[in-house]
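Asker: Structure file target.pdb (PDB, C-alpha atoms, pLDDT in the B column) right here:
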```pdb
ATOM      1  CA  MET H   1      14.777  16.787  12.291  1.00 92.00           C
ATOM      2  CA  PRO H   2      14.206  14.298  15.143  1.00 96.00           C
ATOM      3  CA  THR H   3      10.648  14.361  16.442  1.00 97.00           C
ATOM      4  CA  GLN H   4       8.890  13.148  19.555  1.00 98.00           C
ATOM      5  CA  ILE H   5       5.241  12.382  18.839  1.00 98.00           C
ATOM      6  CA  VAL H   6       3.002  12.233  21.874  1.00 98.00           C
ATOM      7  CA  MET H   7      -0.509  10.820  21.414  1.00 98.00           C
ATOM      8  CA  ASN H   8      -3.257  12.758  23.124  1.00 95.00           C
ATOM      9  CA  ARG H   9      -6.912  13.682  22.745  1.00 92.00           C
ATOM     10  CA  ASN H  10      -6.004  16.150  19.994  1.00 91.00           C
ATOM     11  CA  GLY H  11      -4.457  13.384  17.898  1.00 93.00           C
ATOM     12  CA  ASP H  12      -0.849  14.043  18.798  1.00 96.00           C
ATOM     13  CA  THR H  13       1.582  16.746  19.762  1.00 96.00           C
ATOM     14  CA  ARG H  14       4.940  16.903  18.020  1.00 97.00           C
ATOM     15  CA  HIS H  15       8.166  18.123  19.574  1.00 98.00           C
ATOM     16  CA  TYR H  16      10.991  18.771  17.128  1.00 97.00           C
ATOM     17  CA  PHE H  17      14.547  19.149  18.317  1.00 96.00           C
ATOM     18  CA  ASP H  18      17.997  19.687  16.880  1.00 95.00           C
ATOM     19  CA  ALA H  19      20.137  16.689  17.785  1.00 93.00           C
ATOM     20  CA  ASN H  20      23.247  18.887  17.538  1.00 94.00           C
ATOM     21  CA  ASP H  21      21.963  21.327  20.118  1.00 96.00           C
ATOM     22  CA  ALA H  22      22.940  20.117  23.587  1.00 96.00           C
ATOM     23  CA  ALA H  23      20.196  22.074  25.341  1.00 97.00           C
ATOM     24  CA  ALA H  24      17.505  20.799  22.966  1.00 97.00           C
ATOM     25  CA  LEU H  25      18.814  17.284  23.333  1.00 97.00           C
ATOM     26  CA  ALA H  26      18.726  17.498  27.116  1.00 97.00           C
ATOM     27  CA  LYS H  27      15.154  18.786  26.983  1.00 97.00           C
ATOM     28  CA  ALA H  28      14.129  15.929  24.668  1.00 98.00           C
ATOM     29  CA  GLU H  29      15.734  13.401  26.994  1.00 98.00           C
ATOM     30  CA  GLU H  30      13.986  14.949  29.969  1.00 98.00           C
ATOM     31  CA  ARG H  31      10.656  14.699  28.095  1.00 98.00           C
ATOM     32  CA  PHE H  32      11.379  11.050  27.341  1.00 98.00           C
ATOM     33  CA  LYS H  33      12.040  10.284  31.011  1.00 98.00           C
ATOM     34  CA  ARG H  34       8.992  12.193  32.188  1.00 98.00           C
ATOM     35  CA  LEU H  35       6.618  10.494  29.753  1.00 98.00           C
ATOM     36  CA  THR H  36       7.916   6.979  30.299  1.00 98.00           C
ATOM     37  CA  GLY H  37       7.881   7.684  34.034  1.00 98.00           C
ATOM     38  CA  GLU H  38       4.187   8.507  33.708  1.00 97.00           C
ATOM     39  CA  GLY H  39       3.556   5.148  32.055  1.00 97.00           C
ATOM     40  CA  PHE H  40       3.796   6.077  28.393  1.00 98.00           C
ATOM     41  CA  THR H  41       5.278   3.510  26.027  1.00 98.00           C
ATOM     42  CA  ALA H  42       7.995   4.789  23.705  1.00 98.00           C
ATOM     43  CA  ALA H  43       8.508   3.200  20.306  1.00 98.00           C
ATOM     44  CA  VAL H  44      10.586   3.845  17.224  1.00 98.00           C
ATOM     45  CA  ARG H  45      10.305   2.624  13.644  1.00 95.00           C
ATOM     46  CA  ILE H  46      13.240   0.599  12.413  1.00 93.00           C
ATOM     47  CA  LYS H  47      11.815   0.107   8.920  1.00 90.00           C
ATOM     48  CA  PRO H  48       8.397   0.600   7.317  1.00 90.00           C
ATOM     49  CA  GLY H  49       5.822  -1.017   9.566  1.00 90.00           C
ATOM     50  CA  GLU H  50       8.393  -2.506  11.925  1.00 93.00           C
ATOM     51  CA  VAL H  51       8.450  -0.976  15.355  1.00 96.00           C
ATOM     52  CA  VAL H  52      10.458  -1.591  18.496  1.00 97.00           C
ATOM     53  CA  ARG H  53       9.797  -0.438  22.004  1.00 97.00           C
ATOM     54  CA  ILE H  54      12.603   1.502  23.656  1.00 98.00           C
ATOM     55  CA  ASN H  55      13.315   2.011  27.341  1.00 97.00           C
ATOM     56  CA  SER H  56      15.946   4.689  27.056  1.00 97.00           C
ATOM     57  CA  PHE H  57      16.245   7.884  25.061  1.00 97.00           C
ATOM     58  CA  ASP H  58      17.619   7.417  21.559  1.00 96.00           C
ATOM     59  CA  PRO H  59      18.946  10.758  20.278  1.00 93.00           C
ATOM     60  CA  LYS H  60      19.411   9.302  16.807  1.00 92.00           C
ATOM     61  CA  ALA H  61      15.820   8.154  16.351  1.00 96.00           C
ATOM     62  CA  GLU H  62      14.134  10.172  13.634  1.00 95.00           C
ATOM     63  CA  GLU H  63      10.702   9.690  15.231  1.00 97.00           C
ATOM     64  CA  THR H  64       9.856   8.476  18.714  1.00 98.00           C
ATOM     65  CA  LEU H  65       6.213   7.751  19.369  1.00 98.00           C
ATOM     66  CA  PHE H  66       4.680   7.852  22.848  1.00 98.00           C
ATOM     67  CA  PHE H  67       1.320   6.417  23.779  1.00 98.00           C
ATOM     68  CA  PRO H  68      -0.356   6.224  27.200  1.00 98.00           C
ATOM     69  CA  ARG H  69      -0.457   3.182  29.459  1.00 97.00           C
ATOM     70  CA  LEU H  70      -2.740   0.388  28.274  1.00 98.00           C
ATOM     71  CA  VAL H  71      -5.854  -0.473  30.225  1.00 97.00           C
ATOM     72  CA  GLY H  72      -8.606  -3.032  29.789  1.00 95.00           C
ATOM     73  CA  GLY H  73     -11.438  -1.563  27.754  1.00 77.00           C
TER      74      GLY H  73
ATOM     75  CA  MET N   1     -24.405 -15.096  -9.764  1.00 44.00           C
ATOM     76  CA  PHE N   2     -21.364 -13.174 -10.943  1.00 47.00           C
ATOM     77  CA  GLY N   3     -19.088 -14.618  -8.315  1.00 46.00           C
ATOM     78  CA  PHE N   4     -19.085 -11.508  -6.125  1.00 51.00           C
ATOM     79  CA  ARG N   5     -18.882 -12.134  -2.430  1.00 54.00           C
ATOM     80  CA  ARG N   6     -21.606 -10.414  -0.489  1.00 57.00           C
ATOM     81  CA  ILE N   7     -20.193  -8.230   2.260  1.00 56.00           C
ATOM     82  CA  PRO N   8     -22.148  -8.498   5.533  1.00 61.00           C
ATOM     83  CA  LEU N   9     -24.148  -5.406   6.489  1.00 59.00           C
ATOM     84  CA  GLY N  10     -22.110  -4.657   9.622  1.00 60.00           C
ATOM     85  CA  MET N  11     -18.875  -4.791   7.684  1.00 61.00           C
ATOM     86  CA  ARG N  12     -20.274  -2.655   4.852  1.00 64.00           C
ATOM     87  CA  THR N  13     -21.226   0.054   7.328  1.00 64.00           C
ATOM     88  CA  ARG N  14     -17.811  -0.085   8.922  1.00 63.00           C
ATOM     89  CA  LEU N  15     -16.037   0.055   5.558  1.00 63.00           C
ATOM     90  CA  LYS N  16     -18.168   2.983   4.478  1.00 64.00           C
ATOM     91  CA  ALA N  17     -17.281   4.840   7.672  1.00 62.00           C
ATOM     92  CA  VAL N  18     -13.561   4.119   7.279  1.00 65.00           C
ATOM     93  CA  ARG N  19     -13.526   5.168   3.627  1.00 62.00           C
ATOM     94  CA  GLY N  20     -15.441   8.309   4.470  1.00 61.00           C
ATOM     95  CA  LEU N  21     -12.834   9.213   7.039  1.00 59.00           C
ATOM     96  CA  TYR N  22      -9.996   8.490   4.606  1.00 60.00           C
ATOM     97  CA  ILE N  23     -11.443  10.806   1.998  1.00 53.00           C
ATOM     98  CA  HIS N  24     -11.281  13.653   4.471  1.00 56.00           C
ATOM     99  CA  SER N  25      -8.109  12.675   6.331  1.00 61.00           C
ATOM    100  CA  ASN N  26      -5.700  13.859   3.639  1.00 63.00           C
ATOM    101  CA  ASP N  27      -6.606  17.499   3.763  1.00 65.00           C
ATOM    102  CA  GLU N  28      -8.154  17.976   7.172  1.00 79.00           C
ATOM    103  CA  ASN N  29      -6.348  18.846  10.349  1.00 85.00           C
ATOM    104  CA  ASN N  30      -8.741  17.602  13.009  1.00 93.00           C
ATOM    105  CA  PRO N  31      -7.710  15.004  15.624  1.00 94.00           C
ATOM    106  CA  GLN N  32      -9.336  12.096  13.747  1.00 94.00           C
ATOM    107  CA  ALA N  33      -7.570  12.961  10.504  1.00 94.00           C
ATOM    108  CA  ARG N  34      -4.219  13.398  12.262  1.00 94.00           C
ATOM    109  CA  GLY N  35      -4.682  10.041  13.987  1.00 96.00           C
ATOM    110  CA  LEU N  36      -5.382   8.301  10.695  1.00 95.00           C
ATOM    111  CA  ARG N  37      -2.364   9.917   9.031  1.00 94.00           C
ATOM    112  CA  LEU N  38      -0.162   8.788  11.912  1.00 96.00           C
ATOM    113  CA  LEU N  39      -1.535   5.251  11.679  1.00 97.00           C
ATOM    114  CA  HIS N  40      -0.915   5.228   7.922  1.00 95.00           C
ATOM    115  CA  ALA N  41       2.664   6.323   8.421  1.00 96.00           C
ATOM    116  CA  TRP N  42       3.451   3.550  10.902  1.00 97.00           C
ATOM    117  CA  LEU N  43       1.731   0.552   9.281  1.00 97.00           C
ATOM    118  CA  SER N  44       3.636  -1.882   7.095  1.00 97.00           C
ATOM    119  CA  PRO N  45       2.722  -1.787   3.383  1.00 96.00           C
ATOM    120  CA  PRO N  46       0.634  -5.014   3.614  1.00 97.00           C
ATOM    121  CA  GLN N  47      -1.179  -3.735   6.704  1.00 97.00           C
ATOM    122  CA  LEU N  48      -1.909  -0.448   4.994  1.00 96.00           C
ATOM    123  CA  GLU N  49      -3.214  -2.206   1.914  1.00 96.00           C
ATOM    124  CA  GLN N  50      -5.436  -4.405   4.086  1.00 96.00           C
ATOM    125  CA  LEU N  51      -6.774  -1.429   6.044  1.00 95.00           C
ATOM    126  CA  ASP N  52      -7.579   0.516   2.893  1.00 93.00           C
ATOM    127  CA  ALA N  53      -9.330  -2.446   1.299  1.00 94.00           C
ATOM    128  CA  LYS N  54     -11.082  -4.008   4.267  1.00 94.00           C
ATOM    129  CA  GLY N  55     -11.146  -1.564   7.163  1.00 93.00           C
ATOM    130  CA  HIS N  56      -8.934  -3.746   9.339  1.00 96.00           C
ATOM    131  CA  PHE N  57      -5.357  -5.057   9.429  1.00 97.00           C
ATOM    132  CA  ASP N  58      -3.617  -8.091  10.913  1.00 98.00           C
ATOM    133  CA  VAL N  59      -0.664  -8.216  13.294  1.00 98.00           C
ATOM    134  CA  ILE N  60       1.423 -11.072  14.692  1.00 98.00           C
ATOM    135  CA  GLY N  61       1.852 -11.324  18.455  1.00 98.00           C
ATOM    136  CA  SER N  62       5.459 -10.922  19.567  1.00 97.00           C
ATOM    137  CA  ALA N  63       5.344 -13.656  22.208  1.00 97.00           C
ATOM    138  CA  THR N  64       3.051 -16.333  20.801  1.00 97.00           C
ATOM    139  CA  GLY N  65       3.071 -15.765  17.046  1.00 97.00           C
ATOM    140  CA  ARG N  66      -0.734 -15.664  17.144  1.00 98.00           C
ATOM    141  CA  LYS N  67      -2.526 -13.572  14.554  1.00 98.00           C
ATOM    142  CA  TYR N  68      -4.756 -10.686  15.629  1.00 98.00           C
ATOM    143  CA  ARG N  69      -7.067  -8.512  13.582  1.00 98.00           C
ATOM    144  CA  ILE N  70      -7.410  -4.851  14.498  1.00 98.00           C
ATOM    145  CA  HIS N  71     -10.636  -3.318  13.247  1.00 96.00           C
ATOM    146  CA  PHE N  72     -11.353   0.366  12.870  1.00 95.00           C
ATOM    147  CA  GLY N  73     -12.537   1.637  16.258  1.00 94.00           C
ATOM    148  CA  THR N  74     -11.604   2.560  19.783  1.00 95.00           C
ATOM    149  CA  SER N  75     -12.875  -0.377  21.828  1.00 93.00           C
ATOM    150  CA  MET N  76     -13.677  -4.069  21.437  1.00 95.00           C
ATOM    151  CA  ASN N  77     -11.905  -3.913  18.074  1.00 96.00           C
ATOM    152  CA  VAL N  78      -9.099  -6.472  18.515  1.00 97.00           C
ATOM    153  CA  HIS N  79      -9.751 -10.117  17.675  1.00 97.00           C
ATOM    154  CA  GLU N  80      -7.516 -13.133  17.831  1.00 98.00           C
ATOM    155  CA  LEU N  81      -7.859 -15.330  14.732  1.00 97.00           C
ATOM    156  CA  ASP N  82      -7.750 -19.102  14.567  1.00 96.00           C
ATOM    157  CA  ASP N  83      -5.714 -21.062  12.022  1.00 95.00           C
ATOM    158  CA  ALA N  84      -8.536 -20.784   9.503  1.00 95.00           C
ATOM    159  CA  GLY N  85      -8.667 -16.999   9.866  1.00 93.00           C
ATOM    160  CA  ARG N  86     -11.925 -17.022  11.830  1.00 94.00           C
ATOM    161  CA  LEU N  87     -12.494 -14.780  14.836  1.00 94.00           C
ATOM    162  CA  LYS N  88     -11.581 -16.782  17.891  1.00 95.00           C
ATOM    163  CA  MET N  89     -11.511 -14.387  20.828  1.00 96.00           C
ATOM    164  CA  GLY N  90     -11.935 -10.676  21.408  1.00 97.00           C
ATOM    165  CA  TRP N  91      -9.381  -8.729  23.454  1.00 97.00           C
ATOM    166  CA  CYS N  92     -10.294  -5.298  24.684  1.00 97.00           C
ATOM    167  CA  PHE N  93      -7.392  -3.052  25.657  1.00 97.00           C
ATOM    168  CA  VAL N  94      -6.824   0.592  24.858  1.00 97.00           C
ATOM    169  CA  PRO N  95      -4.417   3.380  25.742  1.00 98.00           C
ATOM    170  CA  GLU N  96      -5.573   5.397  28.719  1.00 96.00           C
ATOM    171  CA  GLY N  97      -7.406   8.634  27.976  1.00 94.00           C
ATOM    172  CA  CYS N  98      -9.688   9.661  25.190  1.00 93.00           C
ATOM    173  CA  LEU N  99      -7.724   9.005  22.001  1.00 97.00           C
ATOM    174  CA  VAL N 100      -8.902   9.033  18.392  1.00 97.00           C
ATOM    175  CA  PRO N 101      -9.345   5.749  16.459  1.00 96.00           C
ATOM    176  CA  GLY N 102      -6.097   5.989  14.466  1.00 97.00           C
ATOM    177  CA  ASP N 103      -4.062   6.476  17.649  1.00 98.00           C
ATOM    178  CA  VAL N 104      -5.830   3.656  19.492  1.00 98.00           C
ATOM    179  CA  MET N 105      -5.300   1.230  16.611  1.00 98.00           C
ATOM    180  CA  LEU N 106      -1.622   2.178  16.306  1.00 98.00           C
ATOM    181  CA  ALA N 107      -1.054   1.689  20.033  1.00 98.00           C
ATOM    182  CA  GLN N 108      -2.768  -1.716  19.818  1.00 98.00           C
ATOM    183  CA  LYS N 109      -0.576  -2.731  16.861  1.00 98.00           C
ATOM    184  CA  ILE N 110       2.645  -1.716  18.627  1.00 98.00           C
ATOM    185  CA  ALA N 111       1.566  -3.391  21.863  1.00 98.00           C
ATOM    186  CA  LEU N 112       0.785  -6.731  20.211  1.00 98.00           C
ATOM    187  CA  GLU N 113       3.918  -6.637  18.052  1.00 98.00           C
ATOM    188  CA  THR N 114       6.304  -5.692  20.842  1.00 97.00           C
ATOM    189  CA  PHE N 115       4.841  -6.671  24.227  1.00 97.00           C
ATOM    190  CA  GLU N 116       1.940  -8.992  23.511  1.00 98.00           C
ATOM    191  CA  SER N 117       1.852 -10.734  26.895  1.00 97.00           C
ATOM    192  CA  ARG N 118       1.699  -7.515  28.878  1.00 96.00           C
ATOM    193  CA  ALA N 119      -0.987  -6.099  26.601  1.00 97.00           C
ATOM    194  CA  LEU N 120      -3.134  -9.213  26.962  1.00 97.00           C
ATOM    195  CA  SER N 121      -2.611  -9.259  30.719  1.00 97.00           C
ATOM    196  CA  VAL N 122      -4.567  -6.016  31.055  1.00 97.00           C
ATOM    197  CA  ALA N 123      -7.088  -6.846  28.323  1.00 98.00           C
ATOM    198  CA  ILE N 124     -10.675  -7.896  28.917  1.00 97.00           C
ATOM    199  CA  LYS N 125     -11.769 -10.893  26.859  1.00 97.00           C
ATOM    200  CA  PHE N 126     -15.028 -10.870  24.957  1.00 96.00           C
ATOM    201  CA  VAL N 127     -16.901 -13.071  22.530  1.00 95.00           C
ATOM    202  CA  PRO N 128     -16.398 -11.782  18.978  1.00 90.00           C
ATOM    203  CA  ASN N 129     -19.254 -10.443  16.906  1.00 78.00           C
ATOM    204  CA  GLU N 130     -19.744 -13.010  14.151  1.00 66.00           C
ATOM    205  CA  ARG N 131     -20.812 -10.377  11.629  1.00 62.00           C
ATOM    206  CA  LEU N 132     -17.215  -9.190  11.465  1.00 59.00           C
ATOM    207  CA  CYS N 133     -14.714 -11.221   9.507  1.00 53.00           C
TER     208      CYS N 133
END
```
What would the structure in this file look like if it were written as structure tokens?
Answerer:
Amino acid sequence: MPTQIVMNRNGDTRHYFDANDAAALAKAEERFKRLTGEGFTAAVRIKPGEVVRINSFDPKAEETLFFPRLVGG
Amino acid sequence: MFGFRRIPLGMRTRLKAVRGLYIHSNDENNPQARGLRLLHAWLSPPQLEQLDAKGHFDVIGSATGRKYRIHFGTSMNVHELDDAGRLKMGWCFVPEGCLVPGDVMLAQKIALETFESRALSVAIKFVPNERLC
């Protein structure tokens, strides 16, 4: 089942959704837009260890990872 | 005498800490363990092997092709390597908020592998600690 993984202070929070359910899909897309709008980076794995950044919602991605905006440490 | 390479004290401590976390990360469900499991799942097989053996892993910058070493930690843990594999420059950048080490290291890997220039533009440079290698 497709999953959106959002990094946070608890490690991460996972949101599972059914890609065949229009309402669930819309909610997942809304979450994508909200998080990226807040500065989160979204990335998906295309093969083991190889990751690409995405700028628009990919309903077919098995896992989409979100991490907060980068800042100088 | 037997051809073993002596591991510097700082690195031994770091390795011990990383291995200690690994032992517990498989069956625990705390934030640190979840972060390490997530990192494990998203590393390439060579990176995973390197992390397990040495407590760090290398990535290649998407824009410059430079090699970076990401050490276990949440700050001042990214180093650019020179052609001989020595630490050349430290780059400090982290995801905003208070994230666990596994999450921070994964974000750093993805940033360097997919948008290196932007990541470095926010980073603060520092002189590497020579005890690390």
Asker: Report the distance between CA of Thr64 (chain N) and CA of Asp83 (chain N) in Å, rounded to one decimal place.
Answerer: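 Taking CA of Thr64 (chain N) as the start and CA of Asp83 (chain N) as the end point, the length is 13.3 Å.
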Asker: I need the contact residues of chain N against chain H, so if you could list those with any atom within 7 Å, counting only C-alpha atoms, and return them as a PyMOL selection string, that would help.
Answerer: chain N and resi 31-32+34-35+42-45+75+92-96+98-100+103+107+110+114+119+122-124
Asker: The PyMOL selection byres ((chain N and resi 88) around 12) - which residues does that actually catch in the file I just gave you? List them as a PyMOL selection string.
Answerer: chain N and resi 66-69+78-87+89-91+125-130+132-133
Asker: For the residues selected in the previous step, produce a file with C-alpha atoms as a PDB file, in the coordinates of the input.
Answerer:
```pdb
ATOM      1  CA  ARG N  66      -0.734 -15.664  17.144  1.00 98.00           C
ATOM      2  CA  LYS N  67      -2.526 -13.572  14.554  1.00 98.00           C
ATOM      3  CA  TYR N  68      -4.756 -10.686  15.629  1.00 98.00           C
ATOM      4  CA  ARG N  69      -7.067  -8.512  13.582  1.00 98.00           C
ATOM      5  CA  VAL N  78      -9.099  -6.472  18.515  1.00 97.00           C
ATOM      6  CA  HIS N  79      -9.751 -10.117  17.675  1.00 97.00           C
ATOM      7  CA  GLU N  80      -7.516 -13.133  17.831  1.00 98.00           C
ATOM      8  CA  LEU N  81      -7.859 -15.330  14.732  1.00 97.00           C
ATOM      9  CA  ASP N  82      -7.750 -19.102  14.567  1.00 96.00           C
ATOM     10  CA  ASP N  83      -5.714 -21.062  12.022  1.00 95.00           C
ATOM     11  CA  ALA N  84      -8.536 -20.784   9.503  1.00 95.00           C
ATOM     12  CA  GLY N  85      -8.667 -16.999   9.866  1.00 93.00           C
ATOM     13  CA  ARG N  86     -11.925 -17.022  11.830  1.00 94.00           C
ATOM     14  CA  LEU N  87     -12.494 -14.780  14.836  1.00 94.00           C
ATOM     15  CA  MET N  89     -11.511 -14.387  20.828  1.00 96.00           C
ATOM     16  CA  GLY N  90     -11.935 -10.676  21.408  1.00 97.00           C
ATOM     17  CA  TRP N  91      -9.381  -8.729  23.454  1.00 97.00           C
ATOM     18  CA  LYS N 125     -11.769 -10.893  26.859  1.00 97.00           C
ATOM     19  CA  PHE N 126     -15.028 -10.870  24.957  1.00 96.00           C
ATOM     20  CA  VAL N 127     -16.901 -13.071  22.530  1.00 95.00           C
ATOM     21  CA  PRO N 128     -16.398 -11.782  18.978  1.00 90.00           C
ATOM     22  CA  ASN N 129     -19.254 -10.443  16.906  1.00 78.00           C
ATOM     23  CA  GLU N 130     -19.744 -13.010  14.151  1.00 66.00           C
ATOM     24  CA  LEU N 132     -17.215  -9.190  11.465  1.00 59.00           C
ATOM     25  CA  CYS N 133     -14.714 -11.221   9.507  1.00 53.00           C
TER      26      CYS N 133
END
```
Asker: Just give me the gap between CA of Pro59 (chain H) and CA of Thr13 (chain H) in Å, one decimal is fine.
Answerer: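 Computing it gives 18.4 Å between the two atoms.
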Asker: Have a look at CA of His15 (chain H) and CA of Lys60 (chain H) and let me know their distance in Å, one decimal.
Answerer: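 For CA of His15 (chain H) relative to CA of Lys60 (chain H), the distance reads 14.6 Å.
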Asker: Restricting the calculation to only C-alpha atoms: of N:Ala33, N:Leu120, N:Ala41, N:Met76, which residue gets closest to Gly61 (chain N)?
Answerer: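 Among the listed residues, the smallest separation from Gly61 (chain N) belongs to N:Leu120.
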Asker: Complete the atoms of region 47-72 of chain H to N, CA and C atoms and put them out as a PDB file, keeping the file's coordinate frame.
Answerer:
```pdb
ATOM      1  N   LYS H  47      12.042   0.083  10.357  1.00 90.00           N
ATOM      2  CA  LYS H  47      11.815   0.107   8.920  1.00 90.00           C
ATOM      3  C   LYS H  47      10.305   0.195   8.711  1.00 90.00           C
ATOM      4  N   PRO H  48       9.838   0.392   7.487  1.00 90.00           N
ATOM      5  CA  PRO H  48       8.397   0.600   7.317  1.00 90.00           C
ATOM      6  C   PRO H  48       7.551  -0.497   7.970  1.00 90.00           C
ATOM      7  N   GLY H  49       6.726  -0.087   8.904  1.00 90.00           N
ATOM      8  CA  GLY H  49       5.822  -1.017   9.566  1.00 90.00           C
ATOM      9  C   GLY H  49       6.432  -1.813  10.692  1.00 90.00           C
ATOM     10  N   GLU H  50       7.745  -1.738  10.852  1.00 93.00           N
ATOM     11  CA  GLU H  50       8.393  -2.506  11.925  1.00 93.00           C
ATOM     12  C   GLU H  50       8.812  -1.566  13.050  1.00 93.00           C
ATOM     13  N   VAL H  51       8.300  -1.889  14.225  1.00 96.00           N
ATOM     14  CA  VAL H  51       8.450  -0.976  15.355  1.00 96.00           C
ATOM     15  C   VAL H  51       9.097  -1.707  16.524  1.00 96.00           C
ATOM     16  N   VAL H  52       9.922  -1.012  17.261  1.00 97.00           N
ATOM     17  CA  VAL H  52      10.458  -1.591  18.496  1.00 97.00           C
ATOM     18  C   VAL H  52      10.179  -0.635  19.645  1.00 97.00           C
ATOM     19  N   ARG H  53      10.011  -1.236  20.804  1.00 97.00           N
ATOM     20  CA  ARG H  53       9.797  -0.438  22.004  1.00 97.00           C
ATOM     21  C   ARG H  53      11.159  -0.070  22.569  1.00 97.00           C
ATOM     22  N   ILE H  54      11.316   1.121  23.068  1.00 98.00           N
ATOM     23  CA  ILE H  54      12.603   1.502  23.656  1.00 98.00           C
ATOM     24  C   ILE H  54      12.389   1.936  25.106  1.00 98.00           C
ATOM     25  N   ASN H  55      13.406   1.672  25.917  1.00 97.00           N
ATOM     26  CA  ASN H  55      13.315   2.011  27.341  1.00 97.00           C
ATOM     27  C   ASN H  55      14.237   3.150  27.728  1.00 97.00           C
ATOM     28  N   SER H  56      15.083   3.550  26.762  1.00 97.00           N
ATOM     29  CA  SER H  56      15.946   4.689  27.056  1.00 97.00           C
ATOM     30  C   SER H  56      15.978   5.617  25.853  1.00 97.00           C
ATOM     31  N   PHE H  57      16.275   6.847  26.092  1.00 97.00           N
ATOM     32  CA  PHE H  57      16.245   7.884  25.061  1.00 97.00           C
ATOM     33  C   PHE H  57      17.232   7.560  23.936  1.00 97.00           C
ATOM     34  N   ASP H  58      16.754   7.643  22.711  1.00 96.00           N
ATOM     35  CA  ASP H  58      17.619   7.417  21.559  1.00 96.00           C
ATOM     36  C   ASP H  58      17.714   8.725  20.775  1.00 96.00           C
ATOM     37  N   PRO H  59      18.829   9.446  20.933  1.00 93.00           N
ATOM     38  CA  PRO H  59      18.946  10.758  20.278  1.00 93.00           C
ATOM     39  C   PRO H  59      19.006  10.659  18.757  1.00 93.00           C
ATOM     40  N   LYS H  60      19.288   9.451  18.265  1.00 92.00           N
ATOM     41  CA  LYS H  60      19.411   9.302  16.807  1.00 92.00           C
ATOM     42  C   LYS H  60      18.096   8.901  16.138  1.00 92.00           C
ATOM     43  N   ALA H  61      17.099   8.578  16.944  1.00 96.00           N
ATOM     44  CA  ALA H  61      15.820   8.154  16.351  1.00 96.00           C
ATOM     45  C   ALA H  61      15.158   9.329  15.639  1.00 96.00           C
ATOM     46  N   GLU H  62      14.771   9.096  14.417  1.00 95.00           N
ATOM     47  CA  GLU H  62      14.134  10.172  13.634  1.00 95.00           C
ATOM     48  C   GLU H  62      12.755  10.513  14.216  1.00 95.00           C
ATOM     49  N   GLU H  63      12.015   9.473  14.613  1.00 97.00           N
ATOM     50  CA  GLU H  63      10.702   9.690  15.231  1.00 97.00           C
ATOM     51  C   GLU H  63      10.553   8.752  16.424  1.00 97.00           C
ATOM     52  N   THR H  64      10.189   9.300  17.546  1.00 98.00           N
ATOM     53  CA  THR H  64       9.856   8.476  18.714  1.00 98.00           C
ATOM     54  C   THR H  64       8.389   8.735  19.040  1.00 98.00           C
ATOM     55  N   LEU H  65       7.649   7.638  19.122  1.00 98.00           N
ATOM     56  CA  LEU H  65       6.213   7.751  19.369  1.00 98.00           C
ATOM     57  C   LEU H  65       5.904   7.364  20.818  1.00 98.00           C
ATOM     58  N   PHE H  66       5.070   8.135  21.453  1.00 98.00           N
ATOM     59  CA  PHE H  66       4.680   7.852  22.848  1.00 98.00           C
ATOM     60  C   PHE H  66       3.168   7.644  22.900  1.00 98.00           C
ATOM     61  N   PHE H  67       2.755   6.563  23.541  1.00 98.00           N
ATOM     62  CA  PHE H  67       1.320   6.417  23.779  1.00 98.00           C
ATOM     63  C   PHE H  67       1.072   6.040  25.236  1.00 98.00           C
ATOM     64  N   PRO H  68      -0.082   6.429  25.769  1.00 98.00           N
ATOM     65  CA  PRO H  68      -0.356   6.224  27.200  1.00 98.00           C
ATOM     66  C   PRO H  68      -0.444   4.747  27.593  1.00 98.00           C
ATOM     67  N   ARG H  69      -0.340   4.510  28.858  1.00 97.00           N
ATOM     68  CA  ARG H  69      -0.457   3.182  29.459  1.00 97.00           C
ATOM     69  C   ARG H  69      -1.719   2.479  28.948  1.00 97.00           C
ATOM     70  N   LEU H  70      -1.588   1.163  28.742  1.00 98.00           N
ATOM     71  CA  LEU H  70      -2.740   0.388  28.274  1.00 98.00           C
ATOM     72  C   LEU H  70      -3.611  -0.027  29.450  1.00 98.00           C
ATOM     73  N   VAL H  71      -4.904  -0.005  29.207  1.00 97.00           N
ATOM     74  CA  VAL H  71      -5.854  -0.473  30.225  1.00 97.00           C
ATOM     75  C   VAL H  71      -6.897  -1.363  29.554  1.00 97.00           C
ATOM     76  N   GLY H  72      -7.529  -2.198  30.324  1.00 95.00           N
ATOM     77  CA  GLY H  72      -8.606  -3.032  29.789  1.00 95.00           C
ATOM     78  C   GLY H  72      -9.779  -2.149  29.400  1.00 95.00           C
TER      79      GLY H  72
END
```
